[in-house]
$ cat target-v9.csv   # CSV, C-alpha atoms
chain,number,residue,atom,x,y,z
A,27,MET,CA,-126.2,-101.8,-55.1
A,28,LYS,CA,-129.0,-99.6,-53.7
A,29,LYS,CA,-126.3,-97.0,-52.8
A,30,TRP,CA,-124.9,-96.9,-56.3
A,31,LEU,CA,-128.4,-96.7,-57.8
A,32,PHE,CA,-129.2,-93.8,-55.5
A,33,LEU,CA,-126.0,-92.0,-56.5
A,34,ILE,CA,-126.7,-92.5,-60.2
A,35,VAL,CA,-130.2,-91.2,-59.8
A,36,LEU,CA,-128.9,-88.2,-57.7
A,37,PHE,CA,-126.3,-87.5,-60.4
A,38,GLY,CA,-128.9,-87.7,-63.1
A,39,CYS,CA,-131.1,-85.2,-61.2
A,40,TYR,CA,-128.2,-82.9,-60.8
A,41,ILE,CA,-127.2,-82.9,-64.5
A,42,GLY,CA,-130.9,-82.6,-65.5
A,43,GLY,CA,-131.3,-79.7,-63.2
A,44,LEU,CA,-128.2,-77.9,-64.6
A,45,TYR,CA,-129.5,-78.5,-68.1
A,46,ALA,CA,-133.0,-77.2,-67.4
A,47,LEU,CA,-131.9,-74.2,-65.3
A,48,GLN,CA,-128.8,-73.1,-67.2
A,49,ASP,CA,-130.3,-70.0,-68.7
A,50,ASP,CA,-131.5,-68.8,-65.3
A,51,LEU,CA,-128.1,-69.5,-63.8
A,52,ILE,CA,-126.2,-67.6,-66.6
A,53,PHE,CA,-128.5,-64.8,-67.7
A,54,TYR,CA,-130.2,-62.2,-65.5
A,55,PRO,CA,-132.5,-60.1,-67.8
A,56,GLN,CA,-134.5,-57.2,-66.5
A,57,HIS,CA,-137.9,-57.9,-67.9
A,58,GLN,CA,-139.5,-54.6,-67.2
A,59,HIS,CA,-139.7,-52.4,-70.3
A,60,ILE,CA,-138.0,-49.0,-69.7
A,61,THR,CA,-138.1,-46.4,-72.4
A,62,PRO,CA,-135.3,-43.8,-73.0
A,63,GLN,CA,-137.7,-41.1,-71.7
A,64,ALA,CA,-138.3,-43.1,-68.5
A,65,ALA,CA,-134.6,-43.5,-68.1
A,66,GLN,CA,-134.0,-39.8,-68.8
A,67,LEU,CA,-131.8,-40.5,-71.8
A,68,SER,CA,-133.2,-38.2,-74.4
A,69,GLN,CA,-130.2,-38.8,-76.6
A,70,PHE,CA,-131.8,-42.1,-77.6
A,71,LYS,CA,-135.1,-43.0,-79.4
A,72,GLU,CA,-136.6,-46.4,-79.2
A,73,ILE,CA,-137.3,-48.3,-82.4
A,74,ASN,CA,-139.4,-51.5,-82.5
A,75,VAL,CA,-138.6,-53.8,-85.4
A,76,ALA,CA,-139.4,-57.3,-86.5
A,77,ALA,CA,-136.4,-59.6,-86.7
A,78,GLU,CA,-135.9,-61.9,-89.7
A,79,ASP,CA,-138.1,-64.6,-88.1
A,80,GLY,CA,-140.8,-62.1,-87.2
A,81,THR,CA,-140.0,-61.8,-83.5
A,82,LYS,CA,-140.4,-58.2,-82.3
A,83,ILE,CA,-137.2,-56.8,-80.9
A,84,ARG,CA,-136.1,-53.3,-79.9
A,85,PHE,CA,-133.3,-50.9,-80.7
A,86,TRP,CA,-132.1,-47.8,-78.9
A,87,TYR,CA,-130.7,-45.4,-81.5
A,88,SER,CA,-128.9,-42.1,-81.3
A,89,ALA,CA,-128.2,-40.6,-84.8
A,90,GLY,CA,-124.8,-39.2,-85.4
A,91,ASP,CA,-122.5,-37.6,-88.0
A,92,LYS,CA,-122.6,-39.7,-91.1
A,93,GLU,CA,-118.9,-38.9,-91.7
A,94,GLU,CA,-118.0,-40.6,-88.4
A,95,PRO,CA,-118.1,-44.4,-87.8
A,96,ALA,CA,-121.3,-45.6,-86.1
A,97,ILE,CA,-121.1,-47.7,-82.9
A,98,LEU,CA,-123.1,-50.9,-82.7
A,99,TYR,CA,-123.1,-51.9,-79.1
A,100,PHE,CA,-123.9,-55.2,-77.4
A,101,HIS,CA,-124.4,-55.2,-73.6
A,102,GLY,CA,-123.7,-57.8,-70.8
A,103,ASN,CA,-125.8,-60.7,-69.7
A,104,ALA,CA,-128.0,-58.8,-67.2
A,105,TYR,CA,-130.3,-55.9,-67.0
A,106,GLN,CA,-131.3,-54.1,-70.3
A,107,ASN,CA,-130.4,-51.2,-72.6
A,108,ALA,CA,-131.5,-48.6,-70.1
A,109,PHE,CA,-128.8,-49.7,-67.6
A,110,PHE,CA,-125.9,-49.6,-70.1
A,111,ALA,CA,-126.9,-46.6,-72.2
A,112,PRO,CA,-125.5,-43.9,-69.9
A,113,TYR,CA,-122.0,-45.2,-70.3
A,114,LEU,CA,-122.2,-44.6,-74.1
A,115,LYS,CA,-122.9,-40.9,-73.9
A,116,SER,CA,-119.2,-40.1,-74.6
A,117,PHE,CA,-119.5,-41.6,-78.1
A,118,ILE,CA,-122.6,-39.6,-78.8
A,119,ASP,CA,-120.9,-36.4,-77.5
A,120,ASP,CA,-118.0,-37.2,-79.9
A,121,GLY,CA,-120.4,-37.2,-82.9
A,122,HIS,CA,-120.8,-41.0,-83.3
A,123,ALA,CA,-124.2,-42.7,-83.9
A,124,VAL,CA,-124.9,-45.4,-81.4
A,125,LEU,CA,-127.2,-48.3,-81.9
A,126,MET,CA,-128.0,-50.7,-79.0
A,127,MET,CA,-129.7,-53.9,-79.8
A,128,GLU,CA,-131.9,-55.4,-77.0
A,129,TYR,CA,-131.7,-59.2,-76.6
A,130,ARG,CA,-134.7,-61.3,-76.8
A,131,GLY,CA,-136.4,-61.7,-73.4
A,132,PHE,CA,-134.7,-58.5,-72.1
A,133,GLY,CA,-136.5,-55.2,-71.4
A,134,GLY,CA,-139.9,-56.5,-72.4
A,135,THR,CA,-138.9,-57.9,-75.8
A,136,GLU,CA,-140.4,-61.1,-77.2
A,137,GLY,CA,-138.7,-64.5,-77.2
A,138,LYS,CA,-135.8,-66.0,-75.4
A,139,LEU,CA,-132.1,-65.5,-76.0
A,140,LYS,CA,-130.4,-68.3,-77.9
A,141,GLN,CA,-127.0,-68.3,-79.7
A,142,GLU,CA,-128.5,-68.7,-83.1
A,143,ASN,CA,-131.1,-65.9,-82.8
A,144,VAL,CA,-128.8,-63.4,-81.0
A,145,PHE,CA,-126.3,-63.7,-83.9
A,146,SER,CA,-128.9,-63.3,-86.5
A,147,ASP,CA,-130.5,-60.4,-84.7
A,148,ALA,CA,-127.0,-58.8,-84.4
A,149,ALA,CA,-126.6,-59.1,-88.2
A,150,PHE,CA,-130.1,-57.5,-88.6
A,151,ALA,CA,-129.0,-54.6,-86.5
A,152,PHE,CA,-125.8,-54.3,-88.5
A,153,ASP,CA,-127.8,-54.1,-91.7
A,154,TRP,CA,-130.3,-51.6,-90.2
A,155,LEU,CA,-127.4,-49.3,-89.3
A,156,LYS,CA,-125.9,-49.6,-92.8
A,157,LYS,CA,-129.3,-48.6,-94.3
A,158,GLN,CA,-129.2,-45.3,-92.2
A,159,GLY,CA,-126.2,-44.3,-94.3
A,160,TYR,CA,-123.2,-45.0,-92.1
A,161,SER,CA,-120.3,-46.3,-94.2
A,162,GLN,CA,-118.3,-47.5,-91.3
A,163,ILE,CA,-119.5,-49.6,-88.3
A,164,ILE,CA,-117.5,-50.2,-85.1
A,165,VAL,CA,-118.9,-53.1,-83.2
A,166,TYR,CA,-118.4,-52.7,-79.4
A,167,GLY,CA,-119.2,-55.4,-76.9
A,168,TYR,CA,-119.0,-55.6,-73.1
A,169,SER,CA,-118.8,-58.9,-71.2
A,170,PHE,CA,-121.4,-61.3,-72.8
A,171,GLY,CA,-121.8,-58.6,-75.6
A,172,CYS,CA,-118.3,-59.5,-76.8
A,173,ALA,CA,-119.5,-63.0,-77.6
A,174,VAL,CA,-122.4,-61.5,-79.6
A,175,SER,CA,-119.9,-59.2,-81.3
A,176,LEU,CA,-117.7,-62.1,-82.4
A,177,GLY,CA,-120.7,-64.2,-83.3
A,178,LEU,CA,-121.7,-61.4,-85.6
A,179,THR,CA,-118.5,-61.8,-87.5
A,180,THR,CA,-119.7,-65.1,-88.8
A,181,LEU,CA,-122.4,-63.3,-90.7
A,182,ARG,CA,-121.0,-59.7,-91.3
A,183,THR,CA,-117.7,-57.9,-91.3
A,184,PRO,CA,-117.4,-54.9,-88.9
A,185,ASP,CA,-114.8,-52.3,-89.9
A,186,LYS,CA,-113.4,-52.3,-86.3
A,187,MET,CA,-114.1,-54.1,-83.1
A,188,ILE,CA,-113.8,-53.2,-79.4
A,189,LEU,CA,-114.1,-55.9,-76.8
A,190,THR,CA,-114.2,-55.0,-73.1
A,191,ALA,CA,-113.9,-57.9,-70.6
A,192,PRO,CA,-114.7,-60.8,-73.0
A,193,PHE,CA,-114.6,-64.5,-72.4
A,194,ALA,CA,-112.8,-66.9,-74.7
A,195,SER,CA,-115.8,-69.1,-74.8
A,196,LEU,CA,-118.8,-69.7,-72.5
A,197,LYS,CA,-117.9,-73.3,-72.2
A,198,ARG,CA,-114.3,-72.5,-71.1
A,199,LEU,CA,-115.6,-69.9,-68.6
A,200,VAL,CA,-118.2,-72.3,-67.1
A,201,LYS,CA,-115.6,-75.1,-66.7
A,202,GLU,CA,-113.5,-72.7,-64.6
A,203,LYS,CA,-116.4,-72.1,-62.2
A,204,PRO,CA,-117.0,-74.3,-59.1
A,205,VAL,CA,-120.0,-76.0,-60.7
A,206,PRO,CA,-119.0,-79.6,-61.5
A,207,PHE,CA,-119.9,-80.9,-65.0
A,208,ALA,CA,-121.7,-77.7,-66.0
A,209,GLY,CA,-119.6,-77.5,-69.1
A,210,LEU,CA,-121.1,-80.8,-70.3
A,211,VAL,CA,-124.7,-79.6,-70.5
A,212,LEU,CA,-124.3,-76.2,-72.2
A,213,ARG,CA,-126.7,-75.7,-75.1
A,214,ASP,CA,-124.9,-72.7,-76.4
A,215,GLU,CA,-121.1,-72.5,-76.1
A,216,TYR,CA,-120.5,-69.1,-77.7
A,217,PRO,CA,-117.0,-70.1,-79.0
A,218,SER,CA,-115.5,-66.7,-79.4
A,219,GLU,CA,-112.0,-68.1,-79.5
A,220,GLU,CA,-112.8,-69.8,-82.7
A,221,PHE,CA,-114.8,-67.0,-84.3
A,222,ILE,CA,-112.0,-64.5,-83.7
A,223,LYS,CA,-109.6,-66.5,-86.0
A,224,ASN,CA,-111.5,-65.3,-89.0
A,225,TYR,CA,-111.8,-61.6,-88.1
A,226,ASN,CA,-109.0,-59.7,-89.8
A,227,ASN,CA,-109.9,-56.0,-89.2
A,228,PRO,CA,-108.6,-53.7,-86.4
A,229,LEU,CA,-109.3,-55.1,-83.0
A,230,LEU,CA,-109.0,-53.7,-79.5
A,231,ILE,CA,-109.3,-55.8,-76.4
A,232,ILE,CA,-109.5,-54.3,-72.9
A,233,HIS,CA,-109.6,-56.2,-69.6
A,234,GLY,CA,-109.1,-55.5,-65.9
A,235,LYS,CA,-106.5,-57.6,-64.2
A,236,LYS,CA,-108.7,-57.7,-61.0
A,237,ASP,CA,-111.7,-59.1,-62.9
A,238,ARG,CA,-112.9,-62.2,-60.9
A,239,LEU,CA,-116.0,-62.8,-63.0
A,240,ILE,CA,-114.2,-63.2,-66.3
A,241,PRO,CA,-110.4,-63.5,-65.6
A,242,TYR,CA,-108.2,-61.6,-67.9
A,243,HIS,CA,-106.5,-64.7,-69.4
A,244,HIS,CA,-109.6,-65.0,-71.5
A,245,SER,CA,-108.6,-61.8,-73.3
A,246,GLU,CA,-105.1,-63.1,-73.7
A,247,ILE,CA,-106.5,-66.2,-75.4
A,248,LEU,CA,-108.6,-64.1,-77.8
A,249,TYR,CA,-105.6,-61.9,-78.6
A,250,GLU,CA,-103.4,-64.9,-79.4
A,251,ASN,CA,-106.1,-66.5,-81.5
A,252,SER,CA,-106.8,-63.3,-83.5
A,253,SER,CA,-105.5,-63.3,-87.1
A,254,SER,CA,-105.8,-59.5,-87.3
A,255,GLU,CA,-102.5,-57.7,-88.2
A,256,ASP,CA,-103.9,-54.7,-86.3
A,257,LYS,CA,-104.7,-55.9,-82.8
A,258,THR,CA,-104.2,-54.3,-79.4
A,259,LEU,CA,-104.5,-55.8,-76.0
A,260,ILE,CA,-104.7,-53.5,-73.0
A,261,LEU,CA,-104.8,-55.0,-69.4
A,262,LEU,CA,-105.6,-52.4,-66.7
A,263,PRO,CA,-104.0,-53.5,-63.5
A,264,GLU,CA,-106.4,-51.9,-61.0
A,265,ASP,CA,-109.8,-52.6,-62.6
A,266,ASP,CA,-112.4,-55.3,-62.2
A,267,HIS,CA,-115.4,-56.4,-64.3
A,268,GLN,CA,-117.6,-53.5,-63.2
A,269,THR,CA,-115.2,-50.6,-63.0
A,270,ILE,CA,-113.7,-51.2,-66.4
A,271,PHE,CA,-117.1,-50.4,-68.0
A,272,MET,CA,-119.3,-48.8,-65.4
A,273,GLY,CA,-116.4,-46.8,-64.0
A,274,GLU,CA,-115.6,-45.8,-67.6
A,275,LYS,CA,-112.0,-46.8,-67.1
A,276,ASN,CA,-111.8,-48.2,-70.6
A,277,LEU,CA,-112.8,-45.0,-72.4
A,278,PRO,CA,-109.4,-43.3,-72.5
A,279,SER,CA,-107.9,-46.4,-74.1
A,280,ILE,CA,-110.8,-46.6,-76.6
A,281,PHE,CA,-110.6,-43.0,-77.8
A,282,LYS,CA,-106.9,-43.1,-78.0
A,283,TRP,CA,-107.1,-46.2,-80.2
A,284,LEU,CA,-109.9,-44.8,-82.3
A,285,TYR,CA,-108.0,-41.6,-83.1
A,286,ARG,CA,-104.5,-43.1,-83.5
$ encode --input "target-v9.csv" --output "structure tokens"
Amino acid sequence: MKKWLFLIVLFGCYIGGLYALQDDLIFYPQHQHITPQAAQLSQFKEINVAAEDGTKIRFWYSAGDKEEPAILYFHGNAYQNAFFAPYLKSFIDDGHAVLMMEYRGFGGTEGKLKQENVFSDAAFAFDWLKKQGYSQIIVYGYSFGCAVSLGLTTLRTPDKMILTAPFASLKRLVKEKPVPFAGLVLRDEYPSEEFIKNYNNPLLIIHGKKDRLIPYHHSEILYENSSSEDKTLILLPEDDHQTIFMGEKNLPSIFKWLYR
């Protein structure tokens, strides 16, 4: 009896620890505030705004040709805007405006990232970009940013969407990892595979077949679930989770798709 009681208490501590520490196990924000000037990225200017609930958040913005679609970009689950911004310079050079929304708790911003507030902040960023006079907005997500992109579609309708290395849902991804019962305690499931069923505009999904962090079958699930009549799935055989974005291996496919 004592043995079973010990095991039950041990299991409870394990589950409680997973629940309490899940954000630290999943997200790796860089807390230091880095400005575009400090990052030597003069193409961007930093804009501090108050979200709908009053929380102070931050955009990085590069103005572009109003006749070209603007890019609303959502980055991965680590670092901050300063890390990802250099890989968006090709869009700026091509005349597109680029808006990067920083997540709560990342890069010195207030608050803590939660599913509900990251989706509402994304809608706020979408509306802000519309107010700048851009008639078309392309939402572009990388890794976790794909979940933010698809969550945005529950509140707004992007004209086009680009997803690089997405997961079908955070719950599905966590269940595939060697962490028993982790999927049972998730506070936020980020169910992209459900959200994508209601997005009908042009969609591009790109994934590396050597991705071990988020296996490419997640993109196949999203592609199959998509109700868009204009959807494209590109699987790059030699790329992993890092090279497909940081190695800019996805850019040729993106620009070819944009200018079909």
$ closest_residue --input "target-v9.csv" --among "A:Ile222, A:Val200, A:Leu284, A:Val144" --to "Gly171 in chain A" --atoms "all atoms listed in the file"
A:Val144
$ residues_near_point --input "target-v9.csv" --point "(-135.6, -57.7, -69.5)" --cutoff "9 Å" --atoms "all atoms listed in the file" --output "PyMOL selection string"
chain A and resi 54-59+104-107+128-135
$ atom_distance --input "target-v9.csv" --atom1 "CA of Gln69 in chain A" --atom2 "CA of Asp120 in chain A"
12.7 Å
$ atom_distance --input "target-v9.csv" --atom1 "CA of His122 in chain A" --atom2 "CA of Asn251 in chain A"
29.5 Å
$ residues_around --input "target-v9.csv" --residues "range 179-184 of chain A" --least-positions-apart "3" --cutoff "12 Å" --atoms "only C-alpha atoms" --output "number ranges by chain"
A: 95-99, 142, 144-153, 155-156, 160-166, 172-176, 187-188, 216-218, 220-229
$ residues_near_point --input "target-v9.csv" --point "(-118.7, -40.0, -76.7)" --cutoff "12 Å" --atoms "all atoms listed in the file" --output "PyMOL selection string"
chain A and resi 69+88+90+94-97+111-124+274+277-278+280-281+284
$ closest_residue --input "target-v9.csv" --among "A:Trp154, A:Phe85, A:Phe170, A:Phe193" --to "Gln141 in chain A" --atoms "all atoms listed in the file"
A:Phe170
$ closest_residue --input "target-v9.csv" --among "A:Ile270, A:Val75, A:Leu239, A:Ile247" --to "Ser195 in chain A" --atoms "only C-alpha atoms"
A:Ile247
$ closest_residue --input "target-v9.csv" --among "A:Lys157, A:Arg213, A:Lys186, A:Lys236" --to "Lys257 in chain A" --atoms "only C-alpha atoms"
A:Lys186
$ atom_distance --input "target-v9.csv" --atom1 "CA of Lys71 in chain A" --atom2 "CA of Glu136 in chain A"
19.0 Å
$ closest_residue --input "target-v9.csv" --among "A:Ala194, A:Tyr168, A:Lys82, A:Ala108" --to "Ala64 in chain A" --atoms "all atoms listed in the file"
A:Ala108
$ decode --input "target-v9.csv" --residues "range 143-163 of chain A" --atoms "N, CA and C atoms" --output "PDB file, in the first residue's frame"
ATOM      1  N   ASN A 143      -4.193  35.965 -25.715  1.00  0.00           N
ATOM      2  CA  ASN A 143      -3.679  37.316 -25.959  1.00  0.00           C
ATOM      3  C   ASN A 143      -2.798  37.391 -27.197  1.00  0.00           C
ATOM      4  N   VAL A 144      -2.129  36.301 -27.565  1.00  0.00           N
ATOM      5  CA  VAL A 144      -1.297  36.379 -28.766  1.00  0.00           C
ATOM      6  C   VAL A 144      -2.166  36.469 -30.020  1.00  0.00           C
ATOM      7  N   PHE A 145      -3.335  35.839 -29.996  1.00  0.00           N
ATOM      8  CA  PHE A 145      -4.245  35.949 -31.136  1.00  0.00           C
ATOM      9  C   PHE A 145      -4.848  37.361 -31.212  1.00  0.00           C
ATOM     10  N   SER A 146      -5.234  37.906 -30.074  1.00  0.00           N
ATOM     11  CA  SER A 146      -5.807  39.260 -30.083  1.00  0.00           C
ATOM     12  C   SER A 146      -4.749  40.295 -30.444  1.00  0.00           C
ATOM     13  N   ASP A 147      -3.505  40.096 -29.993  1.00  0.00           N
ATOM     14  CA  ASP A 147      -2.426  41.009 -30.374  1.00  0.00           C
ATOM     15  C   ASP A 147      -2.156  40.926 -31.869  1.00  0.00           C
ATOM     16  N   ALA A 148      -2.250  39.725 -32.427  1.00  0.00           N
ATOM     17  CA  ALA A 148      -2.044  39.552 -33.867  1.00  0.00           C
ATOM     18  C   ALA A 148      -3.118  40.302 -34.656  1.00  0.00           C
ATOM     19  N   ALA A 149      -4.371  40.241 -34.177  1.00  0.00           N
ATOM     20  CA  ALA A 149      -5.451  40.983 -34.836  1.00  0.00           C
ATOM     21  C   ALA A 149      -5.218  42.480 -34.721  1.00  0.00           C
ATOM     22  N   PHE A 150      -4.700  42.930 -33.583  1.00  0.00           N
ATOM     23  CA  PHE A 150      -4.371  44.339 -33.385  1.00  0.00           C
ATOM     24  C   PHE A 150      -3.293  44.770 -34.374  1.00  0.00           C
ATOM     25  N   ALA A 151      -2.273  43.928 -34.570  1.00  0.00           N
ATOM     26  CA  ALA A 151      -1.210  44.229 -35.526  1.00  0.00           C
ATOM     27  C   ALA A 151      -1.750  44.262 -36.949  1.00  0.00           C
ATOM     28  N   PHE A 152      -2.644  43.341 -37.273  1.00  0.00           N
ATOM     29  CA  PHE A 152      -3.278  43.303 -38.593  1.00  0.00           C
ATOM     30  C   PHE A 152      -4.025  44.611 -38.856  1.00  0.00           C
ATOM     31  N   ASP A 153      -4.812  45.045 -37.887  1.00  0.00           N
ATOM     32  CA  ASP A 153      -5.583  46.282 -38.037  1.00  0.00           C
ATOM     33  C   ASP A 153      -4.656  47.496 -38.141  1.00  0.00           C
ATOM     34  N   TRP A 154      -3.578  47.502 -37.373  1.00  0.00           N
ATOM     35  CA  TRP A 154      -2.623  48.609 -37.425  1.00  0.00           C
ATOM     36  C   TRP A 154      -2.020  48.731 -38.818  1.00  0.00           C
ATOM     37  N   LEU A 155      -1.695  47.603 -39.406  1.00  0.00           N
ATOM     38  CA  LEU A 155      -1.108  47.609 -40.748  1.00  0.00           C
ATOM     39  C   LEU A 155      -2.123  48.083 -41.778  1.00  0.00           C
ATOM     40  N   LYS A 156      -3.375  47.699 -41.619  1.00  0.00           N
ATOM     41  CA  LYS A 156      -4.431  48.179 -42.517  1.00  0.00           C
ATOM     42  C   LYS A 156      -4.552  49.698 -42.453  1.00  0.00           C
ATOM     43  N   LYS A 157      -4.426  50.240 -41.237  1.00  0.00           N
ATOM     44  CA  LYS A 157      -4.558  51.683 -41.055  1.00  0.00           C
ATOM     45  C   LYS A 157      -3.433  52.460 -41.715  1.00  0.00           C
ATOM     46  N   GLN A 158      -2.321  51.774 -42.012  1.00  0.00           N
ATOM     47  CA  GLN A 158      -1.211  52.439 -42.702  1.00  0.00           C
ATOM     48  C   GLN A 158      -1.477  52.575 -44.200  1.00  0.00           C
ATOM     49  N   GLY A 159      -2.562  51.965 -44.669  1.00  0.00           N
ATOM     50  CA  GLY A 159      -2.959  52.156 -46.062  1.00  0.00           C
ATOM     51  C   GLY A 159      -2.653  50.993 -46.986  1.00  0.00           C
ATOM     52  N   TYR A 160      -2.290  49.845 -46.434  1.00  0.00           N
ATOM     53  CA  TYR A 160      -2.016  48.675 -47.283  1.00  0.00           C
ATOM     54  C   TYR A 160      -3.309  47.905 -47.491  1.00  0.00           C
ATOM     55  N   SER A 161      -3.681  47.731 -48.726  1.00  0.00           N
ATOM     56  CA  SER A 161      -4.964  47.089 -49.022  1.00  0.00           C
ATOM     57  C   SER A 161      -4.875  45.570 -48.916  1.00  0.00           C
ATOM     58  N   GLN A 162      -3.693  45.023 -49.157  1.00  0.00           N
ATOM     59  CA  GLN A 162      -3.510  43.576 -49.073  1.00  0.00           C
ATOM     60  C   GLN A 162      -2.471  43.239 -48.007  1.00  0.00           C
ATOM     61  N   ILE A 163      -2.765  42.204 -47.224  1.00  0.00           N
ATOM     62  CA  ILE A 163      -1.840  41.766 -46.181  1.00  0.00           C
ATOM     63  C   ILE A 163      -1.591  40.272 -46.333  1.00  0.00           C
TER      64      ILE A 163
END
